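*Asks:* Please find run34.cif (mmCIF, C-alpha atoms) on the next line:
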```
data_final
#
loop_
_atom_site.group_PDB
_atom_site.id
_atom_site.type_symbol
_atom_site.label_atom_id
_atom_site.label_comp_id
_atom_site.auth_asym_id
_atom_site.auth_seq_id
_atom_site.Cartn_x
_atom_site.Cartn_y
_atom_site.Cartn_z
ATOM 1 C CA MET A 1 -17.042 285.651 189.266
ATOM 2 C CA ASP A 2 -17.723 284.246 185.813
ATOM 3 C CA SER A 3 -17.089 287.534 184.056
ATOM 4 C CA ASP A 4 -13.784 287.924 185.901
ATOM 5 C CA LEU A 5 -12.717 284.433 184.816
ATOM 6 C CA ILE A 6 -13.824 285.138 181.245
ATOM 7 C CA ARG A 7 -11.867 288.400 181.094
ATOM 8 C CA ARG A 8 -8.779 286.694 182.434
ATOM 9 C CA ALA A 9 -9.250 283.828 179.986
ATOM 10 C CA GLN A 10 -9.632 286.303 177.124
ATOM 11 C CA GLY A 11 -6.439 287.976 178.292
ATOM 12 C CA GLY A 12 -4.555 284.711 177.804
ATOM 13 C CA ASP A 13 -4.730 283.256 181.323
ATOM 14 C CA GLU A 14 -4.878 279.497 180.652
ATOM 15 C CA LYS A 15 -5.536 278.666 184.295
ATOM 16 C CA ALA A 16 -8.632 280.894 184.300
ATOM 17 C CA LEU A 17 -9.836 279.304 181.070
ATOM 18 C CA ALA A 18 -9.358 275.825 182.530
ATOM 19 C CA GLU A 19 -11.355 276.811 185.616
ATOM 20 C CA LEU A 20 -14.072 278.287 183.454
ATOM 21 C CA LEU A 21 -14.345 275.138 181.351
ATOM 22 C CA LYS A 22 -14.384 272.896 184.417
ATOM 23 C CA LYS A 23 -17.126 275.003 185.935
ATOM 24 C CA HIS A 24 -19.369 274.624 182.890
ATOM 25 C CA TYR A 25 -18.449 271.069 181.929
ATOM 26 C CA SER A 26 -21.401 269.335 183.660
ATOM 27 C CA PHE A 27 -23.786 271.936 182.353
ATOM 28 C CA ILE A 28 -22.803 271.210 178.736
ATOM 29 C CA VAL A 29 -22.803 267.417 179.135
ATOM 30 C CA LYS A 30 -26.222 267.478 180.787
ATOM 31 C CA TYR A 31 -27.623 269.780 178.138
ATOM 32 C CA VAL A 32 -26.429 267.619 175.231
ATOM 33 C CA TRP A 33 -27.431 264.435 177.042
ATOM 34 C CA LYS A 34 -30.939 265.754 177.700
ATOM 35 C CA MET A 35 -31.175 266.971 174.137
ATOM 36 C CA SER A 36 -29.851 263.848 172.440
ATOM 37 C CA GLY A 37 -30.578 261.041 174.881
ATOM 38 C CA ASP A 38 -27.185 259.558 174.062
ATOM 39 C CA GLU A 39 -24.592 259.596 176.826
ATOM 40 C CA GLN A 40 -21.563 258.881 174.659
ATOM 41 C CA LEU A 41 -22.615 261.463 172.103
ATOM 42 C CA ALA A 42 -23.053 263.953 174.940
ATOM 43 C CA TYR A 43 -19.419 263.471 176.022
ATOM 44 C CA ASP A 44 -18.149 263.644 172.423
ATOM 45 C CA VAL A 45 -20.106 266.797 171.633
ATOM 46 C CA THR A 46 -18.969 268.344 174.919
ATOM 47 C CA GLN A 47 -15.337 267.618 174.049
ATOM 48 C CA ASP A 48 -15.754 269.385 170.697
ATOM 49 C CA THR A 49 -17.651 272.228 172.342
ATOM 50 C CA LEU A 50 -14.772 272.737 174.775
ATOM 51 C CA ILE A 51 -12.274 272.831 171.910
ATOM 52 C CA LYS A 52 -14.368 275.401 170.060
ATOM 53 C CA THR A 53 -14.696 277.427 173.267
ATOM 54 C CA ILE A 54 -10.898 277.451 173.679
ATOM 55 C CA GLN A 55 -10.467 278.552 170.061
ATOM 56 C CA LYS A 56 -13.178 281.222 170.153
ATOM 57 C CA ILE A 57 -13.057 282.542 173.709
ATOM 58 C CA ASN A 58 -12.005 285.957 172.405
ATOM 59 C CA GLN A 59 -15.126 286.131 170.253
ATOM 60 C CA TYR A 60 -17.400 286.059 173.315
ATOM 61 C CA ASN A 61 -18.747 289.611 173.609
ATOM 62 C CA HIS A 62 -20.391 289.551 177.083
ATOM 63 C CA ARG A 63 -23.771 290.539 175.601
ATOM 64 C CA SER A 64 -25.436 287.257 176.529
ATOM 65 C CA LYS A 65 -24.774 284.905 179.430
ATOM 66 C CA PHE A 66 -21.713 282.709 179.037
ATOM 67 C CA SER A 67 -23.882 279.601 179.466
ATOM 68 C CA THR A 68 -26.126 280.795 176.619
ATOM 69 C CA TRP A 69 -23.078 281.178 174.404
ATOM 70 C CA LEU A 70 -21.940 277.676 175.347
ATOM 71 C CA ILE A 71 -25.379 276.230 174.603
ATOM 72 C CA GLN A 72 -25.264 277.890 171.201
ATOM 73 C CA ILE A 73 -21.898 276.288 170.418
ATOM 74 C CA ALA A 74 -23.036 272.917 171.803
ATOM 75 C CA THR A 75 -26.246 272.968 169.753
ATOM 76 C CA HIS A 76 -24.403 273.664 166.514
ATOM 77 C CA THR A 77 -21.743 271.078 167.321
ATOM 78 C CA TYR A 78 -24.473 268.526 168.015
ATOM 79 C CA LEU A 79 -26.231 269.320 164.729
ATOM 80 C CA ASP A 80 -22.906 269.006 162.878
ATOM 81 C CA TYR A 81 -22.382 265.605 164.479
ATOM 82 C CA LYS A 82 -25.831 264.494 163.401
ATOM 83 C CA ARG A 83 -25.223 265.716 159.884
ATOM 84 C CA LYS A 84 -21.937 263.816 159.740
ATOM 85 C CA GLN A 85 -23.311 260.633 161.182
ATOM 86 C CA LYS A 86 -26.432 260.666 158.991
ATOM 87 C CA ARG A 87 -27.974 257.998 161.062
ATOM 88 C CA LYS A 88 -31.214 257.891 162.905
ATOM 89 C CA TYR A 89 -30.859 258.885 166.483
ATOM 90 C CA GLU A 90 -31.257 256.066 169.005
ATOM 91 C CA LEU A 91 -32.633 256.166 172.472
ATOM 92 C CA ASP A 92 -30.184 255.957 175.293
ATOM 93 C CA GLU A 93 -30.780 252.380 176.382
ATOM 94 C CA LYS A 94 -28.588 252.757 179.407
ATOM 95 C CA LEU A 95 -30.677 255.548 180.847
ATOM 96 C CA ARG A 96 -33.871 253.666 180.065
ATOM 97 C CA GLU A 97 -32.720 250.510 181.824
ATOM 98 C CA GLU A 98 -31.262 252.349 184.748
ATOM 99 C CA TYR A 99 -34.500 254.033 185.706
ATOM 100 C CA PRO A 100 -37.353 251.556 185.288
ATOM 101 C CA ARG A 101 -40.854 252.681 184.499
ATOM 102 C CA SER A 102 -43.014 253.681 187.405
ATOM 103 C CA PRO A 103 -46.764 252.943 187.415
ATOM 104 C CA VAL A 104 -48.561 255.079 184.837
ATOM 105 C CA SER A 105 -49.335 258.357 186.462
ATOM 106 C CA LEU A 106 -49.346 261.718 184.741
ATOM 107 C CA GLU A 107 -47.604 263.474 187.624
ATOM 108 C CA SER A 108 -44.740 261.024 188.275
ATOM 109 C CA ASP A 109 -44.109 259.544 184.866
ATOM 110 C CA TRP A 110 -41.308 261.925 183.998
ATOM 111 C CA HIS A 111 -39.137 259.425 182.197
ATOM 112 C CA GLU A 112 -41.948 258.682 179.740
ATOM 113 C CA VAL A 113 -42.020 262.357 178.910
ATOM 114 C CA GLN A 114 -38.253 262.299 178.516
ATOM 115 C CA GLU A 115 -38.396 259.269 176.241
ATOM 116 C CA ALA A 116 -41.200 260.780 174.176
ATOM 117 C CA LEU A 117 -39.156 263.948 173.879
ATOM 118 C CA TRP A 118 -36.161 261.997 172.578
ATOM 119 C CA LYS A 119 -38.352 260.465 169.896
ATOM 120 C CA LEU A 120 -39.074 263.890 168.401
ATOM 121 C CA GLU A 121 -37.174 265.314 165.467
ATOM 122 C CA ASP A 122 -34.195 267.561 166.276
ATOM 123 C CA GLU A 123 -35.900 270.646 164.905
ATOM 124 C CA HIS A 124 -38.749 270.231 167.406
ATOM 125 C CA ARG A 125 -36.798 268.771 170.299
ATOM 126 C CA ILE A 126 -34.050 271.398 170.523
ATOM 127 C CA PRO A 127 -36.357 274.429 170.869
ATOM 128 C CA LEU A 128 -38.563 272.460 173.274
ATOM 129 C CA VAL A 129 -35.622 271.600 175.515
ATOM 130 C CA LEU A 130 -34.369 275.176 175.442
ATOM 131 C CA LYS A 131 -37.804 276.605 176.127
ATOM 132 C CA HIS A 132 -39.220 274.230 178.727
ATOM 133 C CA TYR A 133 -36.116 272.695 180.296
ATOM 134 C CA TYR A 134 -33.962 275.805 180.427
ATOM 135 C CA GLY A 135 -36.626 278.508 180.279
ATOM 136 C CA TYR A 136 -35.066 280.543 177.487
ATOM 137 C CA GLU A 137 -37.102 283.199 175.693
ATOM 138 C CA TYR A 138 -38.103 282.650 172.075
ATOM 139 C CA THR A 139 -35.776 285.449 170.956
ATOM 140 C CA ASP A 140 -32.809 283.796 172.698
ATOM 141 C CA ILE A 141 -33.650 280.417 171.152
ATOM 142 C CA ALA A 142 -33.948 282.064 167.747
ATOM 143 C CA LYS A 143 -30.438 283.516 168.154
ATOM 144 C CA MET A 144 -29.028 280.219 169.403
ATOM 145 C CA THR A 145 -30.503 278.135 166.608
ATOM 146 C CA ARG A 146 -30.189 280.860 163.947
ATOM 147 C CA VAL A 147 -33.811 280.765 162.865
ATOM 148 C CA LYS A 148 -36.590 283.352 162.994
ATOM 149 C CA VAL A 149 -38.579 283.887 166.202
ATOM 150 C CA GLY A 150 -41.792 282.866 164.421
ATOM 151 C CA THR A 151 -40.179 279.615 163.316
ATOM 152 C CA VAL A 152 -39.097 278.871 166.889
ATOM 153 C CA LYS A 153 -42.618 279.518 168.164
ATOM 154 C CA SER A 154 -44.156 277.216 165.579
ATOM 155 C CA ARG A 155 -41.542 274.528 166.225
ATOM 156 C CA VAL A 156 -42.208 274.640 169.963
ATOM 157 C CA HIS A 157 -45.938 274.488 169.252
ATOM 158 C CA TYR A 158 -45.644 271.513 166.880
ATOM 159 C CA GLY A 159 -43.125 269.903 169.199
ATOM 160 C CA LEU A 160 -45.633 270.042 172.036
ATOM 161 C CA GLU A 161 -48.345 268.678 169.744
ATOM 162 C CA ASN A 162 -46.131 265.773 168.669
ATOM 163 C CA LEU A 163 -45.122 265.130 172.252
ATOM 164 C CA ARG A 164 -48.760 265.011 173.254
ATOM 165 C CA LYS A 165 -49.467 262.538 170.429
ATOM 166 C CA GLU A 166 -46.445 260.450 171.404
ATOM 167 C CA LEU A 167 -47.522 260.274 175.041
ATOM 168 C CA ARG A 168 -51.059 259.354 174.017
ATOM 169 C CA THR A 169 -49.662 256.563 171.804
ATOM 170 C CA ASP A 170 -47.496 255.288 174.623
ATOM 171 C CA ASP A 171 -50.416 255.202 177.011
ATOM 172 C CA LYS A 172 -52.366 252.862 174.737
ATOM 173 C CA MET B 1 -58.865 266.949 181.734
ATOM 174 C CA THR B 2 -59.923 269.779 179.498
ATOM 175 C CA ASN B 3 -58.183 270.861 176.341
ATOM 176 C CA GLU B 4 -57.258 274.217 177.894
ATOM 177 C CA LYS B 5 -55.475 272.533 180.754
ATOM 178 C CA LYS B 6 -53.565 270.003 178.653
ATOM 179 C CA PRO B 7 -50.759 272.256 177.395
ATOM 180 C CA GLN B 8 -50.110 273.592 180.885
ATOM 181 C CA ASN B 9 -49.930 270.052 182.283
ATOM 182 C CA LEU B 10 -47.608 268.948 179.557
ATOM 183 C CA GLU B 11 -45.312 271.903 180.193
ATOM 184 C CA GLY B 12 -45.363 271.062 183.876
ATOM 185 C CA LYS B 13 -44.485 267.463 183.089
ATOM 186 C CA LEU B 14 -41.648 268.661 180.881
ATOM 187 C CA GLN B 15 -40.215 270.755 183.697
ATOM 188 C CA GLU B 16 -40.532 267.811 186.065
ATOM 189 C CA ALA B 17 -38.820 265.551 183.524
ATOM 190 C CA ALA B 18 -36.009 268.096 183.184
ATOM 191 C CA ARG B 19 -35.513 268.241 186.950
ATOM 192 C CA HIS B 20 -35.564 264.465 187.382
ATOM 193 C CA THR B 21 -33.307 263.776 184.400
ATOM 194 C CA ASP B 22 -30.878 266.352 185.768
ATOM 195 C CA GLU B 23 -30.836 264.649 189.158
ATOM 196 C CA GLN B 24 -30.447 261.146 187.741
ATOM 197 C CA MET B 25 -27.568 261.909 185.395
ATOM 198 C CA GLU B 26 -24.321 260.827 186.964
ATOM 199 C CA LEU B 27 -21.410 262.494 185.277
ATOM 200 C CA THR B 28 -17.737 261.741 185.392
ATOM 201 C CA GLU B 29 -16.227 265.187 185.576
ATOM 202 C CA PRO B 30 -12.526 265.371 184.686
ATOM 203 C CA SER B 31 -9.992 267.080 186.922
ATOM 204 C CA LEU B 32 -8.659 270.593 186.354
ATOM 205 C CA SER B 33 -5.434 269.211 184.872
ATOM 206 C CA TYR B 34 -7.458 267.599 182.067
ATOM 207 C CA PHE B 35 -8.743 271.020 181.021
ATOM 208 C CA GLU B 36 -5.284 272.542 181.371
ATOM 209 C CA ASN B 37 -3.824 269.826 179.131
ATOM 210 C CA LEU B 38 -6.611 270.324 176.619
ATOM 211 C CA ILE B 39 -5.885 274.057 176.480
ATOM 212 C CA GLU B 40 -2.140 273.435 176.109
ATOM 213 C CA GLU B 41 -2.805 270.918 173.342
ATOM 214 C CA GLN B 42 -5.095 273.317 171.499
ATOM 215 C CA THR B 43 -2.670 276.217 171.887
ATOM 216 C CA ALA B 44 0.164 274.072 170.474
ATOM 217 C CA LEU B 45 -2.105 272.997 167.607
ATOM 218 C CA TRP B 46 -3.005 276.621 166.930
ATOM 219 C CA TYR B 47 0.654 277.630 166.732
ATOM 220 C CA ARG B 48 1.365 274.671 164.426
ATOM 221 C CA GLN B 49 -1.468 275.715 162.128
ATOM 222 C CA LEU B 50 -0.275 279.308 162.230
ATOM 223 C CA TRP B 51 3.239 278.272 161.133
ATOM 224 C CA PHE B 52 1.822 276.088 158.378
ATOM 225 C CA GLU B 53 -0.390 278.905 157.087
ATOM 226 C CA LEU B 54 2.465 281.410 157.218
ATOM 227 C CA THR B 55 4.740 278.983 155.361
ATOM 228 C CA CYS B 56 2.076 278.493 152.672
ATOM 229 C CA LEU B 57 1.618 282.242 152.399
ATOM 230 C CA TRP B 58 5.340 282.879 151.998
ATOM 231 C CA GLY B 59 5.605 280.011 149.507
ATOM 232 C CA ILE B 60 2.857 281.474 147.342
ATOM 233 C CA ALA B 61 4.382 284.958 147.645
ATOM 234 C CA PHE B 62 7.787 283.588 146.585
ATOM 235 C CA ILE B 63 6.278 281.881 143.518
ATOM 236 C CA PHE B 64 4.493 285.069 142.491
ATOM 237 C CA ILE B 65 7.560 287.258 143.002
ATOM 238 C CA SER B 66 9.678 284.799 140.995
ATOM 239 C CA PHE B 67 7.130 284.815 138.196
ATOM 240 C CA LEU B 68 7.108 288.615 138.243
ATOM 241 C CA ILE B 69 10.897 288.792 137.941
ATOM 242 C CA PHE B 70 10.805 286.266 135.102
ATOM 243 C CA SER B 71 8.126 288.305 133.295
ATOM 244 C CA LEU B 72 10.008 291.598 133.735
ATOM 245 C CA PHE B 73 13.143 290.045 132.306
ATOM 246 C CA TYR B 74 11.567 288.300 129.344
ATOM 247 C CA VAL B 75 8.787 290.678 128.352
ATOM 248 C CA PRO B 76 11.120 292.874 126.159
ATOM 249 C CA PHE B 77 12.205 289.735 124.307
ATOM 250 C CA LEU B 78 8.580 288.789 123.744
ATOM 251 C CA PHE B 79 7.960 292.299 122.407
ATOM 252 C CA VAL B 80 10.894 292.105 119.974
ATOM 253 C CA PHE B 81 9.761 288.636 118.869
ATOM 254 C CA ALA B 82 6.248 289.944 118.206
ATOM 255 C CA GLN B 83 7.660 292.895 116.200
ATOM 256 C CA ILE B 84 9.856 290.650 114.032
ATOM 257 C CA THR B 85 6.978 288.235 113.408
ATOM 258 C CA SER B 86 4.633 291.047 112.356
ATOM 259 C CA ILE B 87 7.281 292.529 110.031
ATOM 260 C CA ILE B 88 7.823 289.106 108.353
ATOM 261 C CA ILE B 89 4.037 288.677 107.929
ATOM 262 C CA LEU B 90 3.750 292.179 106.417
ATOM 263 C CA ILE B 91 6.656 291.611 104.006
ATOM 264 C CA ARG B 92 5.095 288.313 102.889
ATOM 265 C CA TYR B 93 1.754 290.035 102.418
ATOM 266 C CA PHE B 94 3.189 292.857 100.287
ATOM 267 C CA TYR B 95 5.278 290.420 98.274
ATOM 268 C CA LYS B 96 2.194 288.250 97.621
ATOM 269 C CA GLU B 97 0.093 291.281 96.685
ATOM 270 C CA ARG B 98 2.752 292.578 94.333
ATOM 271 C CA TYR B 99 3.069 289.168 92.665
ATOM 272 C CA GLU B 100 -0.729 288.972 92.140
ATOM 273 C CA MET B 101 -0.749 292.502 90.652
ATOM 274 C CA VAL B 102 2.000 291.566 88.164
ATOM 275 C CA GLU B 103 0.015 288.464 87.144
ATOM 276 C CA MET B 104 -3.148 290.520 86.569
ATOM 277 C CA GLN B 105 -1.263 293.095 84.473
ATOM 278 C CA GLN B 106 0.075 290.347 82.229
#
```
As structure tokens - that is how I would like this structure written.

*Replies:*
Amino acid sequence: MDSDLIRRAQGGDEKALAELLKKHYSFIVKYVWKMSGDEQLAYDVTQDTLIKTIQKINQYNHRSKFSTWLIQIATHTYLDYKRKQKRKYELDEKLREEYPRSPVSLESDWHEVQEALWKLEDEHRIPLVLKHYYGYEYTDIAKMTRVKVGTVKSRVHYGLENLRKELRTDDK
Amino acid sequence: MTNEKKPQNLEGKLQEAARHTDEQMELTEPSLSYFENLIEEQTALWYRQLWFELTCLWGIAFIFISFLIFSLFYVPFLFVFAQITSIIILIRYFYKERYEMVEMQQ
């Protein structure tokens, strides 16, 4: 279904491209939101990702999944945004207020994990999200983030270490 | 909790956090016409950029061609001018040399 839409979109069918973008819209917003913790930024980055997808749809070569390609564009767009803004990333207060803390329990305290994850540096958080939220292989993450596989592995490792430290600090 | 079990638990917690965050996120998804308008807008922008780039390209080509025509027309004159200048310099040189020789002989 997706590949048919993509082929039609690559052939110049604007309707098919619109359908394709609509289909993946939530996926991109959720990915950027989970990665950044900033709702508004998620919508802005998604908007730019959609524009880049429209401009580069003919460059998609069907070798990887379309969603993987979109994540790659979204990640780079997000990093460009961060570079432009040059400001320290802030936690999404709205999300924090909306879902109040539950009693401290390792099994149900998911939002603490999410908050701790958002406190990590981009270079650790992005591979962690891709690896443990989306289940991508290290090689895929390396391609998406344009770094070596070994670097991805070490970043995931240090990301987990930092996350563990962060959660321990929060517990105190 | 042992050290061996910690990473596995943390990964489990991460997956749980991903699932919950996914469920809790309420998105406002635009209608299909929004995407169609966006595509139309981008296509129009692309054509505008294409026209601008083509205009720039033709402008530069025109300047270069004009310069080439100018050079082809005036290069012979430059050559003649260079020849005349070198002849004048040579005549002056020989005249000066001859004058110095006459002085030495005297």

*Asks:* Counting all atoms listed in the file, a student should be able to say which residues of chain B come within 7 Å of chain A; what is the right answer, written as a PyMOL selection string?

*Replies:* chain B and resi 11+13-18+22+29+32+35-36+39

*Asks:* Taking (-11.9, 288.8, 182.1) in the file's coordinates, which residues come within 12 Å, counting all atoms listed in the file, written as a list in words?

*Replies:*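 Collected hits near the coordinates: Met1, Asp2, Ser3, Asp4, Leu5, Ile6, Arg7, Arg8, Ala9, Gln10, Gly11, Gly12, Asp13, Glu14, Ala16, Leu17, Leu20, Ile57, Asn58, Tyr60, Asn61, His62 and Phe66 of chain A.
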
*Asks:* Within 9 Å of Ser67 (chain A), counting all atoms listed in the file, which residues qualify if same-chain residues fewer than 5 places away don't, as a list in words?

*Replies:*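 Once the adjacent positions are removed, what remains is His24, Phe27, Ile28 and Gln72 of chain A.
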
*Asks:* Once 4 Å is added on each side, what centre and edge lengths in Å to one decimal does the axis-aligned box around all listed atoms of region 74-81 of chain B have, as lines of an AutoDock Vina configuration file?

*Replies:*
```
center_x = 10.1
center_y = 290.6
center_z = 124.1
size_x = 12.2
size_y = 12.6
size_z = 18.5
```

*Asks:* Using Å and a single decimal, report how far CA of Glu53 (chain B) sits from CA of Ala74 (chain A).

*Replies:*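 Interatomic distance, CA of Ala74 (chain A) to CA of Glu53 (chain B): 27.7 Å.
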
*Asks:* Near region 123-127 of chain A, counting all atoms listed in the file, which residues have an atom at most 7 Å away, once you skip same-chain residues fewer than 2 positions from it, shown as a list in words?

*Replies:*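 Counting all atoms listed in the file, the residues come to Met35, Leu117, Leu120, Glu121, Val129, Leu130, Lys131, Ile141, Val152, Arg155, Val156 and Gly159 of chain A.
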
*Asks:* Pick from A:Val149, A:Leu79, A:Ala142, A:Ala116: nearest to Leu41 (chain A), with only C-alpha atoms counted?

*Replies:*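 Nearest candidate to Leu41 (chain A) out of A:Val149, A:Leu79, A:Ala142, A:Ala116: A:Leu79.
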
*Asks:* Calculate how many Å separate CA of Tyr78 (chain A) from CA of Asp48 (chain A), rounding to one decimal.

*Replies:*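 The value is 9.2 Å.
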